[in-house]
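Structure, as structure tokens:
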Amino acid sequence: MRFLERERTTLAKLLPDLDPALREIPLMELERSGSPGIKLFRDSGGPGLLVPESHQGRGATALDALRVQRAIGSRSPSLAVGTTMHHFSMATLVGLGALGDGMEWMLIEGVAASNRVIASGFAEGRSGTGILEPTMTARVTEDGVRINGVKRPCSLARSMDVLTASVLVPREDGQGEELAVALVPAESEGLTVSGFWSSTFLAGAESEQVTLTDVLVPPELLLRTTAPAGQRLDELQTAGLIWFQVLMTGSYLGAASALVERVLLNDRIPEHERVRLFVETEATMATAEGVARRVDAGDLGESALAQALYVRYGVQDALARIVPRAVELLGGLNFMTSDEVGHLAASANGLSLHPPSRSRMTGPFSDYLADQPLAIA
């Protein structure tokens with residue numbers, strides 16, 4: 001069937017072992033706490049998806065990554081949502097690599113070569129902040145930096161090899177402070193993981209609480225941005241937010257697509273209903289692909305972020321139509337005899353819960369339409 005053909009072909013090209021492995025495991029096993037999905041992602045080379053081939057990665061474009069996340073989401077929404085946070089961190093580190101002195105690329109290559117999973121301690125969940133604005137406190141010592149703080153929810157918390165965290169540290173020239181990104185090994189003394197996510201939906205994403213208590217980060221694992229927050233850093237944060245919207249949109253489109261696929265494979269459902277659902281789903285994906293193509297063209301400015309946001313909100317509206325219609329067409333028997341339909345329907349609604357929420361962006365979008373700079377509320 002042609003539905004999801006491009007997405008699964010892209011996944012097979014970049015991570016050839018992942019989709020066959022996911023198909024062998026029942027959906028609800030992939031969605032439970034303790035799911036094998038993250039290990040399969042790691043074993044397939046998934047952590048290096050966005051790392052350039054020249055640095056031992058898979059070299060995926062933004063369009064590739066969008067399609068990969070949709071394909072994975074159609075097999076396991078939890079895995080797609082959880083790994084989006086890894087890719088979000090990697091996209092930010094790759095951006096830092098372009099600003100740094102080369103040490104960043106050594107660390108990025110290490111992640112890709114050894115398939116290390118990165119959890120995000122960035123501020124993507126805080127209103128009115130850039131993604132690199134500190135969420136944790138840092139104290140400089142002779143041995144490195146001591147970090148304290150809490151991140152919750154933190155996806156991939158129980159499977160992560162490294163946690164990324166933004167901190168403020170004194171500049172090496174003594175002129176004030178600068179932002180830095182700390183890479184905190186999961187086995188670090190003082191790093192603990194505790195329960196936070198109580199819902200059964202998306203439980204496989206391992207979104208728990210991570211607490212850092214006087215955790216020592218050595219100097220070689222501290223990536224300095226070399227300057228206070230300024231124009232170039234603002235560009236990096238804008239790019240990170242665009243990547244976040246694109247990847248998360250693809251992940252939830254995947255969850256909805258799993259329902260649509262079940263409809264399209266059911267010959268008892270009238271042909272016109274199947275085609276109508278197919279058309280709206282693919283039209284929705286096309287809008288997200290437009291943003292991804294803009295990223296691949298190197299257009300990562302304010303207008304691209306605005307487009308990424310309003311496309312994401314448009315996708316939310318489309319999913320609010322597509323998902324209930326798919327459930328209705330599949331019928332009560334499918335809903336009553338399996339948890340899968342209900343689980344996919346609930347999971348697909350999660351896109352609206354990620355920051356920045358549409359309600360908080362109403363004022364900023366109104367100002368943006370009146371030729372003011374775009375603010376993230």
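Residues are named by chain letter and number: chains run A, B, ... in the order of the structure tokens, numbers start at 1 in each chain, and ligands are numbered from 1 in the order shown.
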
Extract the full set of helix (DSSP H, G or I) residues from segment 110-274 of chain A according to DSSP on the backbone, and format it as a count of residues only. 49

Return as a tab-separated table the residues of segment 135-233 of chain A lying at most 10 Å from segment 91-115 of chain A, together with the closest atom-to-atom pair for each and the distance in Å to one decimal, counting only C-alpha atoms, with rows in chain order and ascending residue number.
residue	atom	partner	partner_atom	distance
A:Asp161	CA	A:Asn115	CA	9.2
A:Val162	CA	A:Val111	CA	9.1
A:Thr164	CA	A:Leu93	CA	9.3
A:Ala180	CA	A:Leu96	CA	9.9
A:Val181	CA	A:Leu93	CA	8.6
A:Leu183	CA	A:Leu107	CA	9.2
A:Glu220	CA	A:Met103	CA	8.2
A:Leu221	CA	A:Leu107	CA	8.1
A:Leu222	CA	A:Glu104	CA	9.2
A:Leu223	CA	A:Glu104	CA	6.7
A:Arg224	CA	A:Gly100	CA	7.8
A:Thr225	CA	A:Gly100	CA	7.0
A:Thr226	CA	A:Gly100	CA	7.7
A:Arg232	CA	A:Leu99	CA	8.4
A:Leu233	CA	A:Leu96	CA	8.8

Could you please write out, as a short mmCIF file (atom, residue, chain, number, x, y, z; two decimals) with N, CA and C atoms, in the first residue's frame, every residue of segment 65-311 of chain A that DSSP assigns to strand (DSSP E or B)?
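To be explicit, this is the file written out as part-v6.cif:
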data_model
loop_
_atom_site.label_atom_id
_atom_site.label_comp_id
_atom_site.auth_asym_id
_atom_site.auth_seq_id
_atom_site.Cartn_x
_atom_site.Cartn_y
_atom_site.Cartn_z
N ILE A 118 20.76 10.54 24.25
CA ILE A 118 20.84 11.81 24.98
C ILE A 118 19.44 12.24 25.43
N ALA A 119 19.31 12.56 26.70
CA ALA A 119 18.07 13.15 27.21
C ALA A 119 18.26 14.66 27.28
N SER A 120 17.17 15.38 27.14
CA SER A 120 17.23 16.84 27.08
C SER A 120 16.87 17.47 28.42
N THR A 137 21.42 25.37 38.25
CA THR A 137 22.47 26.25 38.75
C THR A 137 23.82 25.56 38.66
N ALA A 138 24.87 26.35 38.48
CA ALA A 138 26.22 25.81 38.35
C ALA A 138 27.18 26.55 39.28
N ARG A 139 28.09 25.81 39.85
CA ARG A 139 29.12 26.38 40.72
C ARG A 139 30.47 25.88 40.24
N VAL A 140 31.37 26.80 39.90
CA VAL A 140 32.68 26.43 39.38
C VAL A 140 33.60 25.99 40.50
N THR A 141 34.28 24.85 40.31
CA THR A 141 35.26 24.35 41.27
C THR A 141 36.57 24.07 40.54
N GLY A 144 35.98 21.27 37.90
CA GLY A 144 34.96 21.42 36.87
C GLY A 144 33.81 22.27 37.37
N VAL A 145 32.59 21.87 37.03
CA VAL A 145 31.40 22.61 37.41
C VAL A 145 30.46 21.69 38.18
N ARG A 146 29.98 22.15 39.31
CA ARG A 146 29.00 21.40 40.10
C ARG A 146 27.61 21.91 39.74
N ILE A 147 26.71 21.00 39.35
CA ILE A 147 25.38 21.39 38.88
C ILE A 147 24.31 20.86 39.82
N ASN A 148 23.30 21.71 40.07
CA ASN A 148 22.14 21.32 40.86
C ASN A 148 20.88 21.73 40.11
N GLY A 149 19.85 20.89 40.20
CA GLY A 149 18.59 21.23 39.57
C GLY A 149 17.75 20.00 39.27
N VAL A 150 16.55 20.26 38.74
CA VAL A 150 15.58 19.20 38.45
C VAL A 150 15.02 19.43 37.06
N LYS A 151 14.85 18.35 36.28
CA LYS A 151 14.13 18.42 35.01
C LYS A 151 13.01 17.39 35.04
N ARG A 152 11.78 17.86 34.83
CA ARG A 152 10.65 16.95 34.75
C ARG A 152 9.55 17.59 33.90
N PRO A 153 8.94 16.83 33.02
CA PRO A 153 9.34 15.47 32.66
C PRO A 153 10.58 15.49 31.78
N CYS A 154 11.34 14.44 31.87
CA CYS A 154 12.55 14.29 31.06
C CYS A 154 12.46 12.96 30.32
N VAL A 162 23.48 10.12 28.45
CA VAL A 162 23.94 11.49 28.73
C VAL A 162 22.73 12.39 28.88
N LEU A 163 22.83 13.35 29.79
CA LEU A 163 21.83 14.41 29.93
C LEU A 163 22.47 15.73 29.50
N THR A 164 21.81 16.47 28.65
CA THR A 164 22.28 17.82 28.31
C THR A 164 21.59 18.82 29.23
N ALA A 165 22.35 19.80 29.69
CA ALA A 165 21.79 20.83 30.57
C ALA A 165 22.47 22.16 30.27
N SER A 166 21.71 23.23 30.26
CA SER A 166 22.27 24.56 30.04
C SER A 166 22.54 25.23 31.39
N VAL A 167 23.71 25.88 31.47
CA VAL A 167 24.12 26.54 32.71
C VAL A 167 24.82 27.85 32.38
N LEU A 168 24.88 28.75 33.35
CA LEU A 168 25.66 29.97 33.25
C LEU A 168 26.98 29.77 33.99
N VAL A 169 28.09 30.08 33.33
CA VAL A 169 29.41 29.94 33.95
C VAL A 169 30.22 31.20 33.69
N PRO A 170 31.21 31.48 34.53
CA PRO A 170 32.07 32.65 34.31
C PRO A 170 32.84 32.51 32.99
N GLU A 177 29.60 36.51 32.56
CA GLU A 177 29.20 35.11 32.44
C GLU A 177 28.82 34.78 31.00
N GLU A 178 28.80 33.50 30.70
CA GLU A 178 28.36 33.04 29.39
C GLU A 178 27.56 31.75 29.55
N LEU A 179 26.73 31.47 28.57
CA LEU A 179 25.98 30.21 28.57
C LEU A 179 26.88 29.07 28.16
N ALA A 180 26.64 27.92 28.74
CA ALA A 180 27.36 26.70 28.35
C ALA A 180 26.37 25.54 28.39
N VAL A 181 26.70 24.50 27.63
CA VAL A 181 25.91 23.27 27.64
C VAL A 181 26.75 22.18 28.28
N ALA A 182 26.24 21.63 29.37
CA ALA A 182 26.93 20.55 30.07
C ALA A 182 26.42 19.21 29.58
N LEU A 183 27.33 18.29 29.33
CA LEU A 183 26.97 16.92 28.99
C LEU A 183 27.23 16.08 30.24
N VAL A 184 26.15 15.60 30.85
CA VAL A 184 26.24 14.92 32.14
C VAL A 184 26.05 13.43 31.94
N PRO A 185 27.08 12.60 32.13
CA PRO A 185 26.91 11.16 32.01
C PRO A 185 25.85 10.64 32.98
N LEU A 191 23.35 12.13 40.29
CA LEU A 191 22.24 12.14 39.32
C LEU A 191 21.29 11.00 39.65
N THR A 192 20.04 11.32 39.87
CA THR A 192 19.04 10.30 40.20
C THR A 192 17.81 10.45 39.30
N VAL A 193 17.15 9.33 39.06
CA VAL A 193 15.92 9.29 38.27
C VAL A 193 14.81 8.78 39.16
N SER A 194 13.69 9.49 39.19
CA SER A 194 12.54 9.07 40.01
C SER A 194 11.27 9.18 39.19
N GLU A 208 10.36 10.85 33.02
CA GLU A 208 10.40 10.85 34.47
C GLU A 208 11.10 12.10 34.99
N GLN A 209 11.37 12.13 36.28
CA GLN A 209 12.08 13.24 36.90
C GLN A 209 13.56 12.91 37.02
N VAL A 210 14.41 13.84 36.59
CA VAL A 210 15.86 13.71 36.75
C VAL A 210 16.32 14.81 37.70
N THR A 211 17.01 14.42 38.75
CA THR A 211 17.49 15.36 39.75
C THR A 211 19.01 15.33 39.79
N LEU A 212 19.62 16.51 39.74
CA LEU A 212 21.06 16.65 39.85
C LEU A 212 21.39 17.32 41.17
N THR A 213 22.15 16.62 41.99
CA THR A 213 22.55 17.14 43.31
C THR A 213 24.06 17.20 43.38
N ASP A 214 24.60 18.40 43.21
CA ASP A 214 26.04 18.62 43.26
C ASP A 214 26.80 17.69 42.31
N VAL A 215 26.30 17.55 41.10
CA VAL A 215 26.92 16.68 40.11
C VAL A 215 28.11 17.38 39.48
N LEU A 216 29.25 16.70 39.46
CA LEU A 216 30.47 17.27 38.90
C LEU A 216 30.54 17.00 37.40
N VAL A 217 30.69 18.06 36.62
CA VAL A 217 30.90 17.95 35.18
C VAL A 217 32.31 18.44 34.87
N LEU A 222 31.98 20.35 29.11
CA LEU A 222 31.28 21.63 29.18
C LEU A 222 31.52 22.38 27.88
N LEU A 223 30.47 22.58 27.09
CA LEU A 223 30.59 23.25 25.80
C LEU A 223 30.20 24.71 25.98
N ARG A 224 31.19 25.57 25.95
CA ARG A 224 30.95 27.00 26.11
C ARG A 224 30.46 27.61 24.80
#

With only C-alpha atoms as the basis for distance, which of A:Met361, A:Leu49, A:Leu264, A:Met85 is at the shortest distance from Tyr313 of chain A? A:Met361
